[in-house]
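Source file work34.tsv; content: TSV, C-alpha atoms.
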chain	number	residue	atom	x	y	z
A	1	MET	CA	61.63	23.90	-29.51
A	2	ALA	CA	59.33	20.93	-29.83
A	3	PHE	CA	56.30	20.48	-27.61
A	4	GLU	CA	56.13	17.32	-25.54
A	5	LEU	CA	53.25	15.18	-24.39
A	6	PRO	CA	52.82	15.95	-20.68
A	7	ALA	CA	52.60	12.96	-18.34
A	8	LEU	CA	49.28	12.62	-16.53
A	9	PRO	CA	49.36	13.52	-12.82
A	10	TYR	CA	47.69	10.14	-12.10
A	11	ALA	CA	47.64	6.57	-13.49
A	12	HIS	CA	45.54	5.79	-16.56
A	13	ASP	CA	43.21	3.66	-14.42
A	14	ALA	CA	42.92	6.22	-11.59
A	15	LEU	CA	39.58	7.65	-12.76
A	16	GLU	CA	37.74	4.34	-13.01
A	17	PRO	CA	34.90	3.52	-13.06
A	18	TYR	CA	33.93	7.00	-14.28
A	19	ILE	CA	36.50	7.24	-17.07
A	20	SER	CA	37.99	3.88	-18.01
A	21	ALA	CA	41.69	3.13	-18.31
A	22	VAL	CA	41.29	2.17	-21.96
A	23	THR	CA	39.58	5.48	-22.75
A	24	LEU	CA	42.32	7.45	-20.98
A	25	GLN	CA	45.07	5.47	-22.67
A	26	PHE	CA	43.70	6.17	-26.15
A	27	HIS	CA	42.83	9.75	-25.26
A	28	HIS	CA	46.24	10.57	-23.82
A	29	LEU	CA	48.67	8.27	-25.62
A	30	LYS	CA	47.05	8.36	-29.08
A	31	HIS	CA	44.86	11.47	-29.52
A	32	HIS	CA	46.82	13.92	-27.35
A	33	GLN	CA	50.13	12.52	-28.64
A	34	ALA	CA	48.99	12.89	-32.27
A	35	TYR	CA	48.13	16.56	-31.72
A	36	VAL	CA	51.60	17.09	-30.19
A	37	ASN	CA	53.31	15.36	-33.13
A	38	ASN	CA	51.20	17.21	-35.70
A	39	VAL	CA	51.80	20.68	-34.28
A	40	ASN	CA	55.54	19.99	-33.99
A	41	ASN	CA	55.65	18.99	-37.67
A	42	LEU	CA	53.46	21.87	-38.85
A	43	ILE	CA	55.30	24.73	-37.14
A	44	VAL	CA	58.67	23.97	-38.76
A	45	GLY	CA	59.66	26.88	-40.99
A	46	THR	CA	56.69	29.04	-39.92
A	47	PRO	CA	56.52	32.16	-37.70
A	48	PHE	CA	55.24	29.83	-34.94
A	49	GLU	CA	58.38	27.69	-34.83
A	50	ASN	CA	59.47	29.21	-31.49
A	51	ALA	CA	56.05	30.32	-30.25
A	52	THR	CA	54.50	29.26	-26.97
A	53	LEU	CA	51.37	27.13	-27.03
A	54	GLU	CA	49.35	30.15	-25.81
A	55	GLU	CA	50.65	32.26	-28.72
A	56	ILE	CA	49.61	29.51	-31.15
A	57	VAL	CA	46.15	29.31	-29.58
A	58	ARG	CA	45.71	33.08	-29.79
A	59	LYS	CA	47.11	33.75	-33.25
A	60	ALA	CA	47.54	30.69	-35.47
A	61	ASP	CA	45.05	29.40	-38.03
A	62	GLY	CA	44.40	26.18	-39.92
A	63	GLY	CA	46.27	23.03	-38.95
A	64	ILE	CA	48.68	24.80	-36.60
A	65	PHE	CA	45.76	26.22	-34.62
A	66	ASN	CA	43.76	22.98	-34.68
A	67	ASN	CA	46.60	20.84	-33.41
A	68	GLY	CA	48.16	23.43	-31.09
A	69	ALA	CA	44.86	24.28	-29.46
A	70	GLN	CA	44.04	20.59	-29.06
A	71	VAL	CA	47.37	20.12	-27.24
A	72	TYR	CA	46.46	23.03	-24.95
A	73	ASN	CA	42.87	21.88	-24.42
A	74	HIS	CA	43.79	18.28	-23.61
A	75	THR	CA	46.57	19.25	-21.19
A	76	PHE	CA	44.09	21.58	-19.49
A	77	TYR	CA	41.43	18.84	-19.39
A	78	PHE	CA	43.64	16.06	-18.00
A	79	GLU	CA	45.19	18.30	-15.32
A	80	GLN	CA	41.84	19.06	-13.66
A	81	PHE	CA	41.10	15.48	-12.57
A	82	ALA	CA	42.18	13.52	-9.49
A	83	ALA	CA	41.23	10.18	-8.01
A	84	ASP	CA	40.71	11.70	-4.56
A	85	GLY	CA	39.98	15.29	-5.35
A	86	CYS	CA	37.77	17.93	-3.88
A	87	ARG	CA	34.37	17.36	-5.49
A	88	GLU	CA	32.63	20.69	-4.81
A	89	PRO	CA	33.64	24.32	-5.39
A	90	GLN	CA	35.22	25.92	-2.31
A	91	GLY	CA	36.00	29.37	-0.91
A	92	GLU	CA	36.19	32.38	-3.22
A	93	LEU	CA	35.40	30.34	-6.31
A	94	LYS	CA	32.25	28.98	-4.66
A	95	ALA	CA	31.21	32.53	-3.77
A	96	ALA	CA	31.84	33.68	-7.35
A	97	ILE	CA	29.78	30.78	-8.75
A	98	GLU	CA	26.91	31.61	-6.40
A	99	LYS	CA	27.09	35.28	-7.35
A	100	ASP	CA	27.11	34.67	-11.14
A	101	PHE	CA	24.88	31.57	-11.40
A	102	GLY	CA	22.76	31.66	-8.23
A	103	SER	CA	24.01	28.35	-6.84
A	104	THR	CA	26.41	25.49	-7.56
A	105	GLU	CA	23.43	23.40	-8.71
A	106	ALA	CA	22.30	26.10	-11.14
A	107	PHE	CA	25.86	26.42	-12.47
A	108	LYS	CA	26.15	22.67	-13.02
A	109	GLU	CA	22.80	22.57	-14.76
A	110	GLN	CA	23.90	25.28	-17.21
A	111	PHE	CA	27.30	23.67	-17.74
A	112	ASN	CA	25.69	20.26	-18.35
A	113	LYS	CA	23.37	21.79	-20.91
A	114	ALA	CA	26.27	23.47	-22.72
A	115	ALA	CA	28.20	20.18	-22.79
A	116	ALA	CA	25.21	18.09	-23.87
A	117	THR	CA	24.03	20.42	-26.66
A	118	LEU	CA	27.32	21.28	-28.36
A	119	PHE	CA	26.63	19.75	-31.77
A	120	GLY	CA	29.46	17.66	-33.18
A	121	SER	CA	32.94	17.73	-31.66
A	122	GLY	CA	34.02	20.38	-29.16
A	123	TRP	CA	34.29	21.56	-25.60
A	124	ALA	CA	32.22	23.17	-22.83
A	125	TRP	CA	34.03	25.64	-20.56
A	126	LEU	CA	33.72	27.61	-17.36
A	127	VAL	CA	35.68	30.82	-17.98
A	128	LYS	CA	36.55	34.08	-16.24
A	129	THR	CA	36.00	37.17	-18.39
A	130	ALA	CA	38.32	40.18	-18.54
A	131	ASP	CA	36.10	41.99	-16.03
A	132	GLY	CA	36.14	39.08	-13.60
A	133	ARG	CA	32.73	37.51	-14.22
A	134	LEU	CA	32.22	33.76	-14.64
A	135	GLU	CA	30.63	32.48	-17.86
A	136	ILE	CA	29.87	29.18	-19.54
A	137	VAL	CA	30.89	28.91	-23.20
A	138	GLN	CA	30.92	26.25	-25.90
A	139	THR	CA	33.63	25.87	-28.54
A	140	SER	CA	33.59	23.70	-31.66
A	141	ASN	CA	36.37	21.30	-32.60
A	142	ALA	CA	39.67	22.80	-31.30
A	143	GLY	CA	38.15	26.11	-30.19
A	144	CYS	CA	39.59	27.63	-27.00
A	145	PRO	CA	38.31	30.63	-24.97
A	146	LEU	CA	41.88	32.00	-24.63
A	147	ARG	CA	41.49	33.16	-28.21
A	148	ASP	CA	38.59	35.40	-27.14
A	149	GLY	CA	40.52	36.89	-24.23
A	150	LYS	CA	38.81	34.74	-21.61
A	151	THR	CA	40.55	32.71	-18.91
A	152	PRO	CA	39.57	29.01	-18.96
A	153	LEU	CA	38.89	27.50	-15.54
A	154	LEU	CA	37.22	24.13	-16.22
A	155	THR	CA	36.49	22.19	-19.40
A	156	CYS	CA	34.58	19.12	-20.57
A	157	ASP	CA	35.78	17.45	-23.77
A	158	VAL	CA	32.72	16.36	-25.73
A	159	TRP	CA	34.49	14.94	-28.76
A	160	GLU	CA	33.05	11.43	-29.01
A	161	HIS	CA	36.53	9.95	-28.45
A	162	ALA	CA	36.37	11.27	-24.85
A	163	TYR	CA	33.54	8.90	-23.96
A	164	TYR	CA	32.51	6.58	-26.78
A	165	LEU	CA	34.23	3.40	-25.52
A	166	ASP	CA	32.59	3.85	-22.11
A	167	LYS	CA	29.23	5.47	-22.82
A	168	GLN	CA	28.66	5.25	-26.62
A	169	ASN	CA	25.82	7.64	-27.58
A	170	LEU	CA	25.03	8.50	-23.95
A	171	ARG	CA	26.88	11.81	-23.68
A	172	PRO	CA	24.77	13.01	-20.71
A	173	LYS	CA	25.90	9.96	-18.70
A	174	TYR	CA	29.55	10.88	-19.42
A	175	ILE	CA	28.91	14.46	-18.28
A	176	GLU	CA	27.31	13.18	-15.06
A	177	ASP	CA	30.36	11.01	-14.34
A	178	PHE	CA	32.74	13.86	-15.31
A	179	TRP	CA	31.79	15.67	-12.09
A	180	LYS	CA	32.91	12.65	-10.03
A	181	VAL	CA	36.55	13.09	-11.12
A	182	VAL	CA	36.96	16.90	-11.23
A	183	ASP	CA	39.30	18.21	-8.53
A	184	TRP	CA	37.99	21.65	-7.53
A	185	GLN	CA	41.29	22.52	-5.85
A	186	VAL	CA	42.80	22.72	-9.35
A	187	ILE	CA	39.93	24.93	-10.54
A	188	SER	CA	40.33	27.21	-7.50
A	189	LYS	CA	44.06	27.65	-8.26
A	190	ARG	CA	43.22	28.62	-11.85
A	191	PHE	CA	40.59	31.06	-10.58
A	192	SER	CA	43.01	32.75	-8.16
A	193	ALA	CA	45.97	32.83	-10.56
B	1	MET	CA	3.73	13.21	-42.36
B	2	ALA	CA	6.53	12.26	-40.05
B	3	PHE	CA	10.00	11.19	-41.16
B	4	GLU	CA	10.67	7.55	-40.41
B	5	LEU	CA	13.82	5.69	-39.49
B	6	PRO	CA	14.44	3.41	-42.49
B	7	LYS	CA	15.00	-0.31	-42.04
B	8	LEU	CA	18.36	-1.58	-43.24
B	9	SER	CA	18.41	-4.02	-46.15
B	10	TYR	CA	21.06	-6.15	-44.38
B	11	SER	CA	21.66	-7.32	-40.82
B	12	TYR	CA	23.81	-5.42	-38.31
B	13	SER	CA	26.50	-8.11	-38.53
B	14	ALA	CA	26.49	-8.23	-42.35
B	15	LEU	CA	29.27	-5.66	-42.78
B	16	GLU	CA	31.73	-7.41	-40.48
B	17	PRO	CA	34.68	-7.44	-40.14
B	18	HIS	CA	34.87	-3.97	-41.71
B	19	ILE	CA	32.10	-2.45	-39.59
B	20	ASP	CA	31.13	-4.42	-36.48
B	21	ALA	CA	27.57	-5.32	-35.50
B	22	ARG	CA	27.60	-3.31	-32.26
B	23	THR	CA	28.68	-0.13	-34.06
B	24	MET	CA	25.97	-0.70	-36.67
B	25	GLU	CA	23.24	-1.29	-34.12
B	26	ILE	CA	24.06	1.79	-32.01
B	27	HIS	CA	24.60	3.91	-35.11
B	28	HIS	CA	21.18	2.98	-36.52
B	29	THR	CA	18.96	2.52	-33.47
B	30	LYS	CA	20.46	5.33	-31.35
B	31	HIS	CA	22.18	7.99	-33.44
B	32	HIS	CA	20.06	7.80	-36.62
B	33	ALA	CA	16.88	7.30	-34.59
B	34	ALA	CA	17.68	10.39	-32.49
B	35	TYR	CA	18.21	12.54	-35.59
B	36	THR	CA	14.91	11.27	-36.98
B	37	ASN	CA	12.97	11.99	-33.79
B	38	ASN	CA	14.63	15.38	-33.32
B	39	LEU	CA	13.93	16.33	-36.94
B	40	ASN	CA	10.25	15.49	-36.53
B	41	ALA	CA	10.11	17.65	-33.41
B	42	ALA	CA	12.03	20.49	-35.09
B	43	VAL	CA	9.82	20.75	-38.20
B	44	GLN	CA	6.56	20.60	-36.27
B	45	GLY	CA	4.63	23.82	-36.71
B	46	THR	CA	7.04	25.21	-39.33
B	47	ASN	CA	6.27	25.82	-43.00
B	48	VAL	CA	8.48	22.89	-44.04
B	49	SER	CA	6.68	20.22	-42.01
B	50	ASN	CA	5.20	18.68	-45.19
B	51	LYS	CA	8.23	19.08	-47.45
B	52	ARG	CA	10.53	16.34	-48.70
B	53	ILE	CA	13.88	16.18	-46.95
B	54	GLU	CA	15.72	17.24	-50.15
B	55	GLU	CA	13.55	20.38	-50.37
B	56	ILE	CA	14.25	21.18	-46.73
B	57	MET	CA	18.00	20.83	-47.26
B	58	ALA	CA	17.88	23.37	-50.10
B	59	VAL	CA	16.57	26.16	-47.82
B	60	VAL	CA	18.23	25.19	-44.59
B	61	SER	CA	19.90	28.60	-44.11
B	62	LYS	CA	16.45	30.10	-43.50
B	63	LEU	CA	15.40	27.48	-40.93
B	64	PRO	CA	16.20	26.86	-37.25
B	65	VAL	CA	19.60	25.26	-36.69
B	66	ALA	CA	17.91	22.16	-35.20
B	67	ILE	CA	16.46	21.42	-38.66
B	68	ARG	CA	19.87	21.83	-40.30
B	69	ASN	CA	21.57	19.54	-37.76
B	70	ASN	CA	18.91	16.84	-37.45
B	71	GLY	CA	17.67	17.03	-41.05
B	72	GLY	CA	21.25	16.58	-42.20
B	73	GLY	CA	21.72	13.71	-39.76
B	74	TYR	CA	18.53	12.06	-41.04
B	75	TYR	CA	19.36	12.44	-44.76
B	76	ASN	CA	23.08	11.61	-44.47
B	77	HIS	CA	22.56	8.35	-42.60
B	78	ASN	CA	19.83	7.28	-45.05
B	79	LEU	CA	22.35	7.67	-47.85
B	80	TYR	CA	25.16	5.97	-45.89
B	81	TRP	CA	23.17	2.78	-45.26
B	82	GLU	CA	22.10	2.62	-48.90
B	83	ILE	CA	25.53	2.98	-50.45
B	84	LEU	CA	26.89	0.16	-48.27
B	85	THR	CA	26.35	-3.53	-48.93
B	86	PRO	CA	27.88	-6.70	-47.49
B	87	GLY	CA	31.13	-7.39	-49.33
B	88	GLY	CA	30.65	-4.43	-51.64
B	89	ALA	CA	29.03	-4.65	-55.06
B	90	ASN	CA	30.76	-4.32	-58.36
B	91	ALA	CA	33.17	-1.47	-59.16
B	92	PRO	CA	32.55	1.87	-60.86
B	93	HIS	CA	31.17	1.02	-64.31
B	94	GLY	CA	29.44	2.48	-67.36
B	95	VAL	CA	28.72	6.20	-67.49
B	96	LEU	CA	29.76	6.59	-63.84
B	97	LEU	CA	33.19	5.14	-64.62
B	98	ASP	CA	33.49	7.50	-67.58
B	99	ALA	CA	32.60	10.45	-65.38
B	100	ILE	CA	35.13	9.40	-62.72
B	101	ASN	CA	37.85	9.12	-65.35
B	102	ASP	CA	36.85	12.47	-66.89
B	103	SER	CA	36.81	14.27	-63.55
B	104	PHE	CA	39.72	12.67	-61.70
B	105	GLY	CA	41.84	10.98	-64.38
B	106	SER	CA	41.40	7.50	-62.93
B	107	VAL	CA	39.56	5.52	-60.26
B	108	ASP	CA	42.78	5.47	-58.22
B	109	SER	CA	43.08	9.27	-58.31
B	110	PHE	CA	39.45	9.59	-57.30
B	111	LYS	CA	39.95	7.18	-54.40
B	112	GLU	CA	43.01	9.12	-53.27
B	113	ALA	CA	41.06	12.41	-53.25
B	114	PHE	CA	38.10	10.86	-51.43
B	115	VAL	CA	40.26	9.16	-48.78
B	116	LYS	CA	42.16	12.41	-48.20
B	117	ALA	CA	38.90	14.35	-47.76
B	118	ALA	CA	37.64	11.75	-45.27
B	119	VAL	CA	40.85	11.51	-43.27
B	120	THR	CA	41.55	15.25	-43.07
B	121	ARG	CA	38.06	16.50	-42.15
B	122	PHE	CA	38.84	17.92	-38.70
B	123	GLY	CA	36.27	17.05	-36.03
B	124	SER	CA	32.93	15.49	-36.95
B	125	GLY	CA	31.65	15.40	-40.51
B	126	TRP	CA	31.31	13.66	-43.84
B	127	ALA	CA	33.27	13.26	-47.07
B	128	TRP	CA	31.36	13.14	-50.36
B	129	LEU	CA	31.42	12.30	-54.02
B	130	ILE	CA	29.15	14.91	-55.59
B	131	GLN	CA	27.62	15.31	-59.01
B	132	LYS	CA	27.68	18.92	-60.23
B	133	GLU	CA	26.07	18.98	-63.68
B	134	ASN	CA	28.22	16.56	-65.67
B	135	LYS	CA	31.26	16.72	-63.41
B	136	LEU	CA	32.10	14.82	-60.26
B	137	VAL	CA	33.84	16.47	-57.32
B	138	VAL	CA	35.03	15.36	-53.89
B	139	SER	CA	34.40	17.52	-50.85
B	140	SER	CA	33.77	17.27	-47.13
B	141	THR	CA	31.31	18.97	-44.79
B	142	PRO	CA	31.38	19.61	-41.05
B	143	ASN	CA	29.00	17.95	-38.59
B	144	GLN	CA	25.75	16.89	-40.34
B	145	ASP	CA	25.91	19.37	-43.22
B	146	ASN	CA	25.70	17.96	-46.75
B	147	PRO	CA	26.05	19.13	-50.37
B	148	LEU	CA	22.28	19.55	-50.81
B	149	MET	CA	22.31	22.37	-48.25
B	150	ASP	CA	22.37	25.96	-49.41
B	151	VAL	CA	25.04	26.57	-46.75
B	152	ALA	CA	27.47	24.01	-48.22
B	153	GLU	CA	30.75	25.28	-49.66
B	154	VAL	CA	30.47	22.78	-52.54
B	155	GLN	CA	26.86	22.16	-53.58
B	156	GLY	CA	25.50	19.38	-55.78
B	157	THR	CA	23.97	15.91	-55.57
B	158	PRO	CA	25.78	13.54	-53.23
B	159	ILE	CA	26.14	10.07	-54.78
B	160	LEU	CA	28.56	8.57	-52.22
B	161	GLY	CA	29.28	9.62	-48.63
B	162	ILE	CA	31.29	8.43	-45.66
B	163	ASP	CA	30.47	9.30	-42.07
B	164	VAL	CA	33.62	10.35	-40.23
B	165	TRP	CA	32.00	11.22	-36.91
B	166	GLU	CA	33.91	9.18	-34.35
B	167	HIS	CA	30.69	7.30	-33.52
B	168	ALA	CA	30.89	5.67	-36.97
B	169	TYR	CA	34.13	3.84	-36.15
B	170	TYR	CA	35.37	4.37	-32.59
B	171	LEU	CA	34.33	1.02	-31.06
B	172	ASN	CA	36.21	-0.85	-33.78
B	173	TYR	CA	39.02	1.49	-34.85
B	174	GLN	CA	39.41	4.06	-32.00
B	175	ASN	CA	41.81	6.78	-33.20
B	176	ARG	CA	42.62	4.95	-36.47
B	177	ARG	CA	40.25	6.76	-38.83
B	178	PRO	CA	42.39	5.92	-41.91
B	179	ASP	CA	41.86	2.19	-41.25
B	180	TYR	CA	38.09	2.69	-41.14
B	181	VAL	CA	38.15	4.69	-44.38
B	182	GLU	CA	40.16	1.94	-46.08
B	183	ALA	CA	37.76	-0.74	-44.77
B	184	PHE	CA	34.76	1.29	-46.00
B	185	TRP	CA	36.14	0.82	-49.51
B	186	ASN	CA	35.33	-2.90	-49.28
B	187	LEU	CA	31.64	-2.22	-48.66
B	188	ILE	CA	30.64	0.31	-51.32
B	189	ASN	CA	27.57	-0.60	-53.34
B	190	TRP	CA	28.66	0.79	-56.70
B	191	ASP	CA	25.33	-0.23	-58.28
B	192	GLU	CA	23.60	2.14	-55.87
B	193	VAL	CA	26.15	4.91	-56.48
B	194	ALA	CA	25.61	4.45	-60.25
B	195	ARG	CA	21.83	4.64	-59.74
B	196	ARG	CA	22.22	8.01	-57.99
B	197	PHE	CA	24.41	9.35	-60.82
B	198	LYS	CA	22.39	11.03	-63.55
B	199	GLY	CA	24.50	10.46	-66.69

Would you give me this structure, written as structure tokens?
Amino acid sequence: MAFELPALPYAHDALEPYISAVTLQFHHLKHHQAYVNNVNNLIVGTPFENATLEEIVRKADGGIFNNGAQVYNHTFYFEQFAADGCREPQGELKAAIEKDFGSTEAFKEQFNKAAATLFGSGWAWLVKTADGRLEIVQTSNAGCPLRDGKTPLLTCDVWEHAYYLDKQNLRPKYIEDFWKVVDWQVISKRFSA
Amino acid sequence: MAFELPKLSYSYSALEPHIDARTMEIHHTKHHAAYTNNLNAAVQGTNVSNKRIEEIMAVVSKLPVAIRNNGGGYYNHNLYWEILTPGGANAPHGVLLDAINDSFGSVDSFKEAFVKAAVTRFGSGWAWLIQKENKLVVSSTPNQDNPLMDVAEVQGTPILGIDVWEHAYYLNYQNRRPDYVEAFWNLINWDEVARRFKG
């Protein structure tokens, strides 16, 4: 069964001026779509032909992993934004962040550092570990914390294609604007799931 | 002695339409400059602070990762600017042409291998034409690694390299990396590549 490119839960221009419509169009309709097409082509005739995306992320290698995990990562990334979202952690998630990082500010500072210092292409993540703690991790290229048995809650794509048309070399500026479009209601649902 | 950002021997607009002036300016004055500054900071107080960049590359596995990343970024961009020239120069010739034919069968087969390496490098990185003794090989490296590094899968002397970090082409080509790689072919300074080849 072929994977399909998910529609975004908002218009391509909904995150302006923080993420431009042209960036989102390329990111979703070209990059995300290419990963979908590539994984669909690569799984034919392999043990992953009928696998779920999560199974591919956990077990596949090479091109099937790279493209499958990038489909997963991008879907996860796009789903966490909203034009009029909740811009601060709430409720139980807020309490967990304060317990594990000291404060929301301290958490953001650590997350920003992880996103800014990942060298090359990759992702920064807030994850929940098997024993329920929150952690910040970095992954290179298509890397995904699911593979290490961690539950992803929030992610920042720091491949240059995520921000180069808008911010060029200024990755920290992109990360600063990233917070202005995250919808913490989505992150809370992932945390409670 | 600090590493210095080299001046380019052509203007930022000189490689248009294949590489646009804005990409060139940001690539040189922001990305390459940052690698240079970060390298200088990273080597300070280490036992390689007075070494040549090639010597540093050869022992990079024993050094802090900031030297590997920024030293590679410094060296790789130096090479990239030098093997480019407005309109390209010449074609493979002389002993270099012989070596290409010996190693790949033909210039077309070499180009095919090089383009494939550049297009299929997943994530950020570089594709290379490398001299290994009397043979030439094509390879690619992740991020700012290069064939001079003792950590490289294929080691040797790089004589041609293409930057396939998205910052090298995104303003002009966006997701179309193959178009950038094809355009790059119009800009290669084969006289410089031949100079780097030790026949």

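For the residues B:Tyr12, B:Phe104, B:Phe122, B:Phe110, ranking by smallest atom-to-atom distance to Phe65 of chain A using all atoms listed in the file places B:Phe122 first.
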
**Asked** Which one of B:Val137, B:Met149, B:Leu84, B:Leu79 sits closest to Glu16 of chain B if you count only C-alpha atoms?
**Response** B:Leu84

**Request:** Identify every residue of chain B that has at least one atom within 6 Å of any atom of chain A, counting only C-alpha atoms, and report the result as a PyMOL selection string.
**Result:** chain B and resi 123-124+143+166

**Prompt:** Which residues come within 9 Å of segment 58-67 of chain B, counting only C-alpha atoms, excluding same-chain residues fewer than 4 positions away, as a PyMOL selection string?
**Reply:** chain B and resi 38-40+42-43+46+48+53-54+71-72+148-151

**Asked** Counting only C-alpha atoms, what is within 8 Å of Asp13 of chain A, bar same-chain residues fewer than 3 positions away, as an MDAnalysis selection string?
**Response** chainID A and resid 16 20:22 24

**Message:** Env of segment 130-132 of chain B: 8 Å cut, atoms = only C-alpha atoms, seq-sep filter 2 positions within chain, self excluded. Answer as a list in words.
**Reply:** Trp128, Asn134, Lys135, Leu136, Val137, Val138, Ser139, Pro147, Gln155, Gly156, Thr157, Pro158, Ile159, Leu160 and Phe197 of chain B

Write the residues of the preceding selection, restricted to C-alpha atoms, as a tab-separated table (two decimals), keeping the file's coordinate frame.
chain	number	residue	atom	x	y	z
B	128	TRP	CA	31.36	13.14	-50.36
B	134	ASN	CA	28.22	16.56	-65.67
B	135	LYS	CA	31.26	16.72	-63.41
B	136	LEU	CA	32.10	14.82	-60.26
B	137	VAL	CA	33.84	16.47	-57.32
B	138	VAL	CA	35.03	15.36	-53.89
B	139	SER	CA	34.40	17.52	-50.85
B	147	PRO	CA	26.05	19.13	-50.37
B	155	GLN	CA	26.86	22.16	-53.58
B	156	GLY	CA	25.50	19.38	-55.78
B	157	THR	CA	23.97	15.91	-55.57
B	158	PRO	CA	25.78	13.54	-53.23
B	159	ILE	CA	26.14	10.07	-54.78
B	160	LEU	CA	28.56	8.57	-52.22
B	197	PHE	CA	24.41	9.35	-60.82

**Request:** Using all atoms listed in the file, determine which residues lie at most 9 Å from segment 20-25 of chain B, disregarding the query and same-chain residues fewer than 3 positions distant; provide the list as a PyMOL selection string.
**Result:** chain B and resi 11-17+28-30+167-172

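Taking atom CA of Leu134 of chain A and atom CA of Cys86 of chain A as the two end points, the separation is 19.9 Å.
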
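The gap separating atom CA of Thr129 of chain A from atom CA of Lys150 of chain A is 4.9 Å, in Å to one decimal.
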
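Candidate residues A:Arg133, A:Lys108, A:Arg58, A:Arg87 were compared for distance to Leu146 of chain A, and the nearest is A:Arg58, using only C-alpha atoms.
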
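In this comparison, which uses only C-alpha atoms, the residue of A:Val71, A:Ala2, A:Ala193, A:Val182 approaching Asp84 of chain A most closely is A:Val182.
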
Tell me which protein, DNA and RNA residues are within 12 Å of Ile136 of chain A, counting only C-alpha atoms, leaving out same-chain ones fewer than 6 positions away, and put them as a PDB file with C-alpha atoms, keeping the file's coordinate frame.
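The result, stored in selection-v8.pdb:
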ATOM      1  CA  ILE A  97      29.780  30.780  -8.750  1.00  0.00           C
ATOM      2  CA  ASP A 100      27.110  34.670 -11.140  1.00  0.00           C
ATOM      3  CA  PHE A 101      24.880  31.570 -11.400  1.00  0.00           C
ATOM      4  CA  ALA A 106      22.300  26.100 -11.140  1.00  0.00           C
ATOM      5  CA  PHE A 107      25.860  26.420 -12.470  1.00  0.00           C
ATOM      6  CA  LYS A 108      26.150  22.670 -13.020  1.00  0.00           C
ATOM      7  CA  GLU A 109      22.800  22.570 -14.760  1.00  0.00           C
ATOM      8  CA  GLN A 110      23.900  25.280 -17.210  1.00  0.00           C
ATOM      9  CA  PHE A 111      27.300  23.670 -17.740  1.00  0.00           C
ATOM     10  CA  ASN A 112      25.690  20.260 -18.350  1.00  0.00           C
ATOM     11  CA  LYS A 113      23.370  21.790 -20.910  1.00  0.00           C
ATOM     12  CA  ALA A 114      26.270  23.470 -22.720  1.00  0.00           C
ATOM     13  CA  ALA A 115      28.200  20.180 -22.790  1.00  0.00           C
ATOM     14  CA  TRP A 123      34.290  21.560 -25.600  1.00  0.00           C
ATOM     15  CA  ALA A 124      32.220  23.170 -22.830  1.00  0.00           C
ATOM     16  CA  TRP A 125      34.030  25.640 -20.560  1.00  0.00           C
ATOM     17  CA  LEU A 126      33.720  27.610 -17.360  1.00  0.00           C
ATOM     18  CA  VAL A 127      35.680  30.820 -17.980  1.00  0.00           C
ATOM     19  CA  LYS A 128      36.550  34.080 -16.240  1.00  0.00           C
ATOM     20  CA  THR A 129      36.000  37.170 -18.390  1.00  0.00           C
ATOM     21  CA  PRO A 145      38.310  30.630 -24.970  1.00  0.00           C
ATOM     22  CA  LYS A 150      38.810  34.740 -21.610  1.00  0.00           C
ATOM     23  CA  THR A 151      40.550  32.710 -18.910  1.00  0.00           C
ATOM     24  CA  PRO A 152      39.570  29.010 -18.960  1.00  0.00           C
ATOM     25  CA  LEU A 153      38.890  27.500 -15.540  1.00  0.00           C
ATOM     26  CA  LEU A 154      37.220  24.130 -16.220  1.00  0.00           C
ATOM     27  CA  THR A 155      36.490  22.190 -19.400  1.00  0.00           C
ATOM     28  CA  CYS A 156      34.580  19.120 -20.570  1.00  0.00           C
TER      29      CYS A 156
END

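The interatomic distance for the pair atom CA of Ser103 of chain B and atom CA of Ala194 of chain B works out to 15.3 Å.
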
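Protein, DNA and RNA residues at most 9 Å from (9.2, 10.6, -41.7), with all atoms listed in the file, are these: Met1, Ala2, Phe3, Glu4, Leu5, Pro6, Thr36, Asn37, Leu39, Asn40 and Ile53 of chain B.
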
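Comparing A:Thr104, A:Gln185, A:Gln33, A:Thr139 by their smallest distance to Asp157 of chain A, the closest is A:Thr139 (using only C-alpha atoms).
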
Where is the centre and how long are the edges: axis-aligned box on segment 139-143 of chain B, 3 Å on each side, Å to one decimal, as lines of an AutoDock Vina configuration file:
center_x = 31.7
center_y = 18.4
center_z = -44.7
size_x = 11.4
size_y = 8.3
size_z = 18.3

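The nearest approach to Ala91 of chain B among the residues B:Asn47, B:Ala118, B:Ala34, B:Asp108, with all atoms listed in the file taken into account, belongs to B:Asp108.
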